[in-house]
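With compact mmCIF, N, CA and C atoms inside, this is input-v4.txt:
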# COMPACT_ATOMS: atom_id res chain seq x y z
N MET A 28 -74.67 -50.98 -80.56
CA MET A 28 -76.10 -50.99 -80.31
C MET A 28 -76.79 -51.70 -81.46
N LYS A 29 -77.65 -52.64 -81.15
CA LYS A 29 -78.44 -53.26 -82.20
C LYS A 29 -79.74 -52.51 -82.34
N LEU A 30 -80.21 -52.43 -83.56
CA LEU A 30 -81.43 -51.69 -83.81
C LEU A 30 -82.61 -52.63 -83.73
N PHE A 31 -83.36 -52.53 -82.68
CA PHE A 31 -84.58 -53.30 -82.47
C PHE A 31 -84.32 -54.81 -82.49
N GLY A 32 -83.15 -55.23 -82.09
CA GLY A 32 -82.83 -56.65 -82.04
C GLY A 32 -83.23 -57.21 -80.69
N ARG A 33 -84.48 -57.53 -80.54
CA ARG A 33 -85.02 -57.95 -79.25
C ARG A 33 -84.45 -59.29 -78.82
N LYS A 34 -84.07 -59.40 -77.57
CA LYS A 34 -83.60 -60.65 -77.01
C LYS A 34 -84.78 -61.47 -76.52
N ASN A 35 -84.65 -62.77 -76.62
CA ASN A 35 -85.67 -63.65 -76.08
C ASN A 35 -85.14 -64.24 -74.78
N LYS A 36 -85.58 -63.69 -73.67
CA LYS A 36 -85.09 -64.13 -72.37
C LYS A 36 -86.22 -64.75 -71.56
N THR A 37 -87.11 -65.46 -72.19
CA THR A 37 -88.26 -65.99 -71.47
C THR A 37 -87.87 -67.06 -70.46
N GLU A 38 -86.69 -67.68 -70.61
CA GLU A 38 -86.30 -68.73 -69.69
C GLU A 38 -85.86 -68.20 -68.33
N ALA A 39 -85.53 -66.93 -68.23
CA ALA A 39 -85.07 -66.36 -66.96
C ALA A 39 -86.25 -65.96 -66.08
N GLU A 40 -86.09 -66.17 -64.79
CA GLU A 40 -87.10 -65.72 -63.83
C GLU A 40 -86.89 -64.23 -63.60
N THR A 41 -87.97 -63.49 -63.45
CA THR A 41 -87.83 -62.06 -63.20
C THR A 41 -87.80 -61.79 -61.71
N GLY A 42 -87.05 -60.77 -61.37
CA GLY A 42 -86.92 -60.36 -59.98
C GLY A 42 -87.48 -58.96 -59.79
N ALA A 43 -86.64 -58.09 -59.30
CA ALA A 43 -87.05 -56.72 -58.98
C ALA A 43 -87.29 -55.89 -60.23
N GLU A 44 -87.98 -54.77 -60.04
CA GLU A 44 -88.21 -53.80 -61.10
C GLU A 44 -87.59 -52.47 -60.71
N VAL A 45 -87.09 -51.77 -61.70
CA VAL A 45 -86.58 -50.42 -61.51
C VAL A 45 -87.34 -49.53 -62.49
N VAL A 46 -87.90 -48.43 -61.99
CA VAL A 46 -88.61 -47.50 -62.86
C VAL A 46 -87.73 -46.28 -63.06
N LEU A 47 -87.47 -45.98 -64.34
CA LEU A 47 -86.67 -44.82 -64.71
C LEU A 47 -87.58 -43.76 -65.32
N LEU A 48 -87.39 -42.52 -64.93
CA LEU A 48 -88.08 -41.40 -65.56
C LEU A 48 -87.13 -40.85 -66.62
N ILE A 49 -87.64 -40.72 -67.85
CA ILE A 49 -86.78 -40.37 -68.98
C ILE A 49 -87.32 -39.13 -69.67
N GLU A 50 -86.41 -38.20 -69.96
CA GLU A 50 -86.77 -36.99 -70.70
C GLU A 50 -86.07 -37.01 -72.05
N GLY A 51 -86.74 -36.42 -73.05
CA GLY A 51 -86.14 -36.29 -74.37
C GLY A 51 -86.70 -37.24 -75.41
N MET A 52 -87.62 -38.11 -75.02
CA MET A 52 -88.22 -39.03 -75.99
C MET A 52 -89.30 -38.32 -76.78
N HIS A 53 -89.40 -38.67 -78.06
CA HIS A 53 -90.39 -38.03 -78.93
C HIS A 53 -91.41 -39.01 -79.49
N CYS A 54 -91.06 -40.31 -79.53
CA CYS A 54 -91.95 -41.27 -80.18
C CYS A 54 -91.65 -42.68 -79.70
N GLY A 55 -92.41 -43.61 -80.19
CA GLY A 55 -92.23 -45.01 -79.82
C GLY A 55 -90.88 -45.56 -80.22
N SER A 56 -90.33 -45.07 -81.32
CA SER A 56 -89.00 -45.53 -81.75
C SER A 56 -87.93 -45.16 -80.73
N CYS A 57 -88.09 -44.02 -80.09
CA CYS A 57 -87.17 -43.64 -79.02
C CYS A 57 -87.20 -44.70 -77.92
N GLY A 58 -88.39 -45.12 -77.57
CA GLY A 58 -88.54 -46.13 -76.54
C GLY A 58 -87.89 -47.45 -76.91
N LEU A 59 -88.03 -47.85 -78.17
CA LEU A 59 -87.41 -49.10 -78.61
C LEU A 59 -85.89 -49.02 -78.58
N LEU A 60 -85.34 -47.89 -78.96
CA LEU A 60 -83.89 -47.70 -78.89
C LEU A 60 -83.41 -47.81 -77.45
N ILE A 61 -84.13 -47.20 -76.54
CA ILE A 61 -83.77 -47.26 -75.12
C ILE A 61 -83.89 -48.69 -74.60
N ASP A 62 -84.98 -49.37 -74.96
CA ASP A 62 -85.14 -50.77 -74.55
C ASP A 62 -83.96 -51.62 -74.99
N ASP A 63 -83.54 -51.46 -76.25
CA ASP A 63 -82.41 -52.23 -76.76
C ASP A 63 -81.15 -52.01 -75.94
N GLU A 64 -80.87 -50.77 -75.60
CA GLU A 64 -79.68 -50.46 -74.80
C GLU A 64 -79.78 -51.07 -73.40
N LEU A 65 -80.94 -50.93 -72.77
CA LEU A 65 -81.11 -51.46 -71.42
C LEU A 65 -81.00 -52.98 -71.40
N GLU A 66 -81.54 -53.63 -72.40
CA GLU A 66 -81.54 -55.10 -72.43
C GLU A 66 -80.17 -55.69 -72.73
N GLU A 67 -79.22 -54.87 -73.11
CA GLU A 67 -77.84 -55.33 -73.32
C GLU A 67 -77.09 -55.49 -71.99
N ILE A 68 -77.62 -54.94 -70.93
CA ILE A 68 -76.95 -54.99 -69.62
C ILE A 68 -77.18 -56.36 -68.99
N ASP A 69 -76.09 -56.97 -68.52
CA ASP A 69 -76.20 -58.26 -67.82
C ASP A 69 -77.09 -58.10 -66.60
N GLY A 70 -78.02 -59.00 -66.44
CA GLY A 70 -78.93 -58.98 -65.31
C GLY A 70 -80.27 -58.35 -65.61
N VAL A 71 -80.39 -57.69 -66.77
CA VAL A 71 -81.68 -57.10 -67.17
C VAL A 71 -82.46 -58.14 -67.94
N HIS A 72 -83.65 -58.46 -67.46
CA HIS A 72 -84.53 -59.42 -68.14
C HIS A 72 -85.25 -58.75 -69.30
N SER A 73 -85.84 -57.58 -69.03
CA SER A 73 -86.56 -56.86 -70.09
C SER A 73 -86.72 -55.40 -69.69
N ALA A 74 -87.03 -54.60 -70.70
CA ALA A 74 -87.31 -53.19 -70.47
C ALA A 74 -88.54 -52.82 -71.29
N ALA A 75 -89.41 -52.04 -70.71
CA ALA A 75 -90.61 -51.57 -71.40
C ALA A 75 -90.67 -50.05 -71.22
N THR A 76 -90.36 -49.35 -72.30
CA THR A 76 -90.29 -47.90 -72.26
C THR A 76 -91.51 -47.31 -72.94
N ASP A 77 -92.13 -46.35 -72.28
CA ASP A 77 -93.33 -45.68 -72.79
C ASP A 77 -92.99 -44.20 -73.00
N ALA A 78 -92.89 -43.80 -74.27
CA ALA A 78 -92.53 -42.41 -74.58
C ALA A 78 -93.57 -41.42 -74.07
N ARG A 79 -94.82 -41.77 -74.16
CA ARG A 79 -95.88 -40.86 -73.69
C ARG A 79 -95.80 -40.62 -72.19
N ALA A 80 -95.55 -41.69 -71.45
CA ALA A 80 -95.47 -41.59 -70.00
C ALA A 80 -94.11 -41.05 -69.54
N GLY A 81 -93.11 -41.13 -70.41
CA GLY A 81 -91.78 -40.65 -70.05
C GLY A 81 -91.10 -41.54 -69.03
N ARG A 82 -91.32 -42.85 -69.16
CA ARG A 82 -90.72 -43.76 -68.18
C ARG A 82 -90.41 -45.11 -68.80
N SER A 83 -89.55 -45.82 -68.12
CA SER A 83 -89.19 -47.18 -68.51
C SER A 83 -89.25 -48.07 -67.28
N VAL A 84 -89.87 -49.23 -67.44
CA VAL A 84 -89.90 -50.22 -66.37
C VAL A 84 -88.89 -51.29 -66.76
N VAL A 85 -87.85 -51.42 -65.95
CA VAL A 85 -86.78 -52.37 -66.21
C VAL A 85 -86.95 -53.55 -65.25
N ARG A 86 -87.15 -54.73 -65.81
CA ARG A 86 -87.29 -55.93 -64.99
C ARG A 86 -85.96 -56.66 -64.95
N LEU A 87 -85.52 -56.96 -63.75
CA LEU A 87 -84.24 -57.62 -63.55
C LEU A 87 -84.43 -59.12 -63.42
N GLU A 88 -83.40 -59.88 -63.79
CA GLU A 88 -83.43 -61.32 -63.61
C GLU A 88 -83.38 -61.63 -62.12
N GLU A 89 -83.96 -62.73 -61.74
CA GLU A 89 -84.01 -63.15 -60.33
C GLU A 89 -82.60 -63.18 -59.75
N GLY A 90 -82.40 -62.47 -58.66
CA GLY A 90 -81.12 -62.44 -57.95
C GLY A 90 -80.06 -61.55 -58.57
N ALA A 91 -80.37 -60.90 -59.67
CA ALA A 91 -79.38 -60.04 -60.33
C ALA A 91 -79.18 -58.75 -59.56
N GLU A 92 -77.94 -58.30 -59.53
CA GLU A 92 -77.61 -57.01 -58.95
C GLU A 92 -77.11 -56.13 -60.08
N VAL A 93 -77.89 -55.12 -60.42
CA VAL A 93 -77.55 -54.23 -61.53
C VAL A 93 -77.34 -52.83 -60.97
N ASP A 94 -76.24 -52.22 -61.37
CA ASP A 94 -75.90 -50.87 -60.94
C ASP A 94 -76.85 -49.87 -61.60
N ILE A 95 -77.50 -49.06 -60.81
CA ILE A 95 -78.43 -48.06 -61.32
C ILE A 95 -77.72 -47.11 -62.28
N ALA A 96 -76.49 -46.77 -61.99
CA ALA A 96 -75.73 -45.88 -62.87
C ALA A 96 -75.56 -46.50 -64.26
N ALA A 97 -75.47 -47.81 -64.34
CA ALA A 97 -75.35 -48.49 -65.63
C ALA A 97 -76.66 -48.37 -66.42
N LEU A 98 -77.79 -48.42 -65.72
CA LEU A 98 -79.07 -48.25 -66.38
C LEU A 98 -79.21 -46.83 -66.94
N VAL A 99 -78.86 -45.86 -66.13
CA VAL A 99 -78.93 -44.46 -66.57
C VAL A 99 -77.99 -44.23 -67.75
N ALA A 100 -76.79 -44.78 -67.70
CA ALA A 100 -75.82 -44.63 -68.77
C ALA A 100 -76.33 -45.27 -70.07
N ALA A 101 -77.02 -46.39 -69.96
CA ALA A 101 -77.57 -47.06 -71.14
C ALA A 101 -78.63 -46.20 -71.80
N VAL A 102 -79.47 -45.57 -71.00
CA VAL A 102 -80.50 -44.68 -71.56
C VAL A 102 -79.83 -43.52 -72.29
N GLU A 103 -78.83 -42.93 -71.67
CA GLU A 103 -78.15 -41.79 -72.27
C GLU A 103 -77.36 -42.19 -73.51
N ALA A 104 -76.90 -43.44 -73.58
CA ALA A 104 -76.17 -43.93 -74.75
C ALA A 104 -77.09 -44.13 -75.95
N ALA A 105 -78.38 -44.26 -75.71
CA ALA A 105 -79.34 -44.50 -76.79
C ALA A 105 -79.61 -43.24 -77.60
N GLY A 106 -79.29 -42.07 -77.07
CA GLY A 106 -79.55 -40.82 -77.78
C GLY A 106 -79.51 -39.64 -76.84
N GLU A 107 -80.20 -38.60 -77.21
CA GLU A 107 -80.22 -37.36 -76.43
C GLU A 107 -81.28 -37.44 -75.33
N TYR A 108 -81.11 -38.39 -74.43
CA TYR A 108 -82.07 -38.63 -73.35
C TYR A 108 -81.39 -38.45 -72.01
N THR A 109 -82.16 -38.09 -71.00
CA THR A 109 -81.69 -38.07 -69.63
C THR A 109 -82.60 -38.97 -68.82
N ALA A 110 -82.04 -39.59 -67.81
CA ALA A 110 -82.82 -40.54 -67.00
C ALA A 110 -82.47 -40.39 -65.53
N ARG A 111 -83.46 -40.72 -64.70
CA ARG A 111 -83.25 -40.79 -63.25
C ARG A 111 -84.22 -41.82 -62.70
N VAL A 112 -83.89 -42.35 -61.55
CA VAL A 112 -84.76 -43.34 -60.92
C VAL A 112 -85.99 -42.64 -60.36
N ALA A 113 -87.15 -43.22 -60.57
CA ALA A 113 -88.39 -42.68 -60.03
C ALA A 113 -88.40 -42.85 -58.52
N GLY A 114 -89.02 -41.88 -57.87
CA GLY A 114 -89.20 -42.01 -56.43
C GLY A 114 -88.25 -41.28 -55.65

Take the structure in the file and give it back as structure tokens.
Amino acid sequence: MKLFGRKNKTEAETGAEVVLLIEGMHCGSCGLLIDDELEEIDGVHSAATDARAGRSVVRLEEGAEVDIAALVAAVEAAGEYTARVAG
């Protein structure tokens, strides 16, 4: 895991969004750790995690197929967090 090593993926077109509901976050740093883990997954364009709202919006690259279980596992790998898909 890289610590706050943001990727620059501006050249990729964005496709679908996945909203994850996350429990266990305490601050903005928690959100950045989760973003870093999510953005390591192939097909993820970007992640925007809001600790106050308890959610993360994951934007996928155009045409990418990303396994939801991989997204949940990435959140849980970032720390003592649990995640599920909204809706």

Practice problem: Could you tell me, as a ChimeraX atom specification, which residues of range 29-97 of chain A DSSP assigns to strand (DSSP E) when given the backbone? | Solution: /A:41-50,71-77,82-88

Quiz item: Could you work out how far CA of Glu89 in chain A lies from atom C of Ala101 in chain A, giving the answer in Å with one decimal?
Solution: 21.2 Å

Self-check item: Point-to-point distance from atom C of Glu103 in chain A to atom N of Thr41 in chain A, Å rounded to tenths
Solution: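 Atom-to-atom, atom C of Glu103 in chain A to atom N of Thr41 in chain A, that is 25.8 Å.
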
Quiz prompt | Two-atom distance - atom C of Glu66 in chain A, atom C of Glu44 in chain A (Å) | solution =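 Distance between the two atoms: 14.5 Å.
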
Exercise. Using all atoms listed in the file, determine which residues lie at most 8 Å from range 47-53 of chain A, disregarding the query and same-chain residues fewer than 6 positions distant; provide the list as a list in words.
Key: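 So, after excluding close chain neighbours, the residues are Asp77, Ala78, Arg79, Ala80, Gly81, Arg82, Ser83, Val84, Val85, Val99, Gly106, Glu107, Tyr108, Thr109, Ala110, Arg111, Val112, Ala113 and Gly114 of chain A.
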
Padded axis-aligned box of range 86-98 of chain A (3 Å per side), centre and edge lengths, Å, one decimal, as AutoDock Vina command-line options:
--center_x -81.3 --center_y -54.5 --center_z -62.4 --size_x 17.9 --size_y 23.3 --size_z 15.0

Exercise. Taking the chain letters and numbering used in this document, name the residues of chain A that DSSP puts in alpha helix (DSSP H), as a list in words.
Key: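 Answer for chain A restricted to alpha helix (DSSP H) is Gly55, Ser56, Cys57, Gly58, Leu59, Leu60, Ile61, Asp62, Asp63, Glu64, Leu65, Glu66, Ile95, Ala96, Ala97, Leu98, Val99, Ala100, Ala101, Val102, Glu103 and Ala104 of chain A.
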
Would you kindly return, as a compact mmCIF listing (two decimals) with N, CA and C atoms, in the coordinates of the input, each protein, DNA or RNA residue with an atom no farther than 9 Å from any atom of Leu65 in chain A, considering only C-alpha atoms and excluding same-chain residues fewer than 2 positions away?
# COMPACT_ATOMS: atom_id res chain seq x y z
N LEU A 60 -85.34 -47.89 -78.96
CA LEU A 60 -83.89 -47.70 -78.89
C LEU A 60 -83.41 -47.81 -77.45
N ILE A 61 -84.13 -47.20 -76.54
CA ILE A 61 -83.77 -47.26 -75.12
C ILE A 61 -83.89 -48.69 -74.60
N ASP A 62 -84.98 -49.37 -74.96
CA ASP A 62 -85.14 -50.77 -74.55
C ASP A 62 -83.96 -51.62 -74.99
N ASP A 63 -83.54 -51.46 -76.25
CA ASP A 63 -82.41 -52.23 -76.76
C ASP A 63 -81.15 -52.01 -75.94
N GLU A 67 -79.22 -54.87 -73.11
CA GLU A 67 -77.84 -55.33 -73.32
C GLU A 67 -77.09 -55.49 -71.99
N ILE A 68 -77.62 -54.94 -70.93
CA ILE A 68 -76.95 -54.99 -69.62
C ILE A 68 -77.18 -56.36 -68.99
N VAL A 71 -80.39 -57.69 -66.77
CA VAL A 71 -81.68 -57.10 -67.17
C VAL A 71 -82.46 -58.14 -67.94
N SER A 73 -85.84 -57.58 -69.03
CA SER A 73 -86.56 -56.86 -70.09
C SER A 73 -86.72 -55.40 -69.69
N ALA A 74 -87.03 -54.60 -70.70
CA ALA A 74 -87.31 -53.19 -70.47
C ALA A 74 -88.54 -52.82 -71.29
N VAL A 85 -87.85 -51.42 -65.95
CA VAL A 85 -86.78 -52.37 -66.21
C VAL A 85 -86.95 -53.55 -65.25
N ALA A 97 -75.47 -47.81 -64.34
CA ALA A 97 -75.35 -48.49 -65.63
C ALA A 97 -76.66 -48.37 -66.42
N LEU A 98 -77.79 -48.42 -65.72
CA LEU A 98 -79.07 -48.25 -66.38
C LEU A 98 -79.21 -46.83 -66.94
N VAL A 99 -78.86 -45.86 -66.13
CA VAL A 99 -78.93 -44.46 -66.57
C VAL A 99 -77.99 -44.23 -67.75
N ALA A 101 -77.02 -46.39 -69.96
CA ALA A 101 -77.57 -47.06 -71.14
C ALA A 101 -78.63 -46.20 -71.80
N VAL A 102 -79.47 -45.57 -71.00
CA VAL A 102 -80.50 -44.68 -71.56
C VAL A 102 -79.83 -43.52 -72.29
N ALA A 105 -78.38 -44.26 -75.71
CA ALA A 105 -79.34 -44.50 -76.79
C ALA A 105 -79.61 -43.24 -77.60

Please supply range 58-77 of chain A, rebuilt with N, CA, C and O atoms, as a compact mmCIF listing (two decimals), in the frame of the given file.
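File written: result_3.txt
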# COMPACT_ATOMS: atom_id res chain seq x y z
N GLY A 58 -88.39 -45.12 -77.57
CA GLY A 58 -88.54 -46.13 -76.54
C GLY A 58 -87.89 -47.45 -76.91
O GLY A 58 -87.26 -48.10 -76.08
N LEU A 59 -88.03 -47.85 -78.17
CA LEU A 59 -87.41 -49.10 -78.61
C LEU A 59 -85.89 -49.02 -78.58
O LEU A 59 -85.22 -50.00 -78.21
N LEU A 60 -85.34 -47.89 -78.96
CA LEU A 60 -83.89 -47.70 -78.89
C LEU A 60 -83.41 -47.81 -77.45
O LEU A 60 -82.39 -48.46 -77.17
N ILE A 61 -84.13 -47.20 -76.54
CA ILE A 61 -83.77 -47.26 -75.12
C ILE A 61 -83.89 -48.69 -74.60
O ILE A 61 -83.00 -49.19 -73.90
N ASP A 62 -84.98 -49.37 -74.96
CA ASP A 62 -85.14 -50.77 -74.55
C ASP A 62 -83.96 -51.62 -74.99
O ASP A 62 -83.44 -52.44 -74.23
N ASP A 63 -83.54 -51.46 -76.25
CA ASP A 63 -82.41 -52.23 -76.76
C ASP A 63 -81.15 -52.01 -75.94
O ASP A 63 -80.44 -52.96 -75.61
N GLU A 64 -80.87 -50.77 -75.60
CA GLU A 64 -79.68 -50.46 -74.80
C GLU A 64 -79.78 -51.07 -73.40
O GLU A 64 -78.82 -51.65 -72.90
N LEU A 65 -80.94 -50.93 -72.77
CA LEU A 65 -81.11 -51.46 -71.42
C LEU A 65 -81.00 -52.98 -71.40
O LEU A 65 -80.40 -53.56 -70.49
N GLU A 66 -81.54 -53.63 -72.40
CA GLU A 66 -81.54 -55.10 -72.43
C GLU A 66 -80.17 -55.69 -72.73
O GLU A 66 -79.98 -56.89 -72.59
N GLU A 67 -79.22 -54.87 -73.11
CA GLU A 67 -77.84 -55.33 -73.32
C GLU A 67 -77.09 -55.49 -71.99
O GLU A 67 -76.05 -56.13 -71.95
N ILE A 68 -77.62 -54.94 -70.93
CA ILE A 68 -76.95 -54.99 -69.62
C ILE A 68 -77.18 -56.36 -68.99
O ILE A 68 -78.30 -56.86 -68.92
N ASP A 69 -76.09 -56.97 -68.52
CA ASP A 69 -76.20 -58.26 -67.82
C ASP A 69 -77.09 -58.10 -66.60
O ASP A 69 -76.94 -57.15 -65.83
N GLY A 70 -78.02 -59.00 -66.44
CA GLY A 70 -78.93 -58.98 -65.31
C GLY A 70 -80.27 -58.35 -65.61
O GLY A 70 -81.20 -58.45 -64.82
N VAL A 71 -80.39 -57.69 -66.77
CA VAL A 71 -81.68 -57.10 -67.17
C VAL A 71 -82.46 -58.14 -67.94
O VAL A 71 -81.99 -58.69 -68.94
N HIS A 72 -83.65 -58.46 -67.46
CA HIS A 72 -84.53 -59.42 -68.14
C HIS A 72 -85.25 -58.75 -69.30
O HIS A 72 -85.26 -59.25 -70.42
N SER A 73 -85.84 -57.58 -69.03
CA SER A 73 -86.56 -56.86 -70.09
C SER A 73 -86.72 -55.40 -69.69
O SER A 73 -86.58 -55.04 -68.53
N ALA A 74 -87.03 -54.60 -70.70
CA ALA A 74 -87.31 -53.19 -70.47
C ALA A 74 -88.54 -52.82 -71.29
O ALA A 74 -88.68 -53.28 -72.43
N ALA A 75 -89.41 -52.04 -70.71
CA ALA A 75 -90.61 -51.57 -71.40
C ALA A 75 -90.67 -50.05 -71.22
O ALA A 75 -90.95 -49.56 -70.14
N THR A 76 -90.36 -49.35 -72.30
CA THR A 76 -90.29 -47.90 -72.26
C THR A 76 -91.51 -47.31 -72.94
O THR A 76 -91.87 -47.72 -74.04
N ASP A 77 -92.13 -46.35 -72.28
CA ASP A 77 -93.33 -45.68 -72.79
C ASP A 77 -92.99 -44.20 -73.00
O ASP A 77 -92.81 -43.46 -72.03
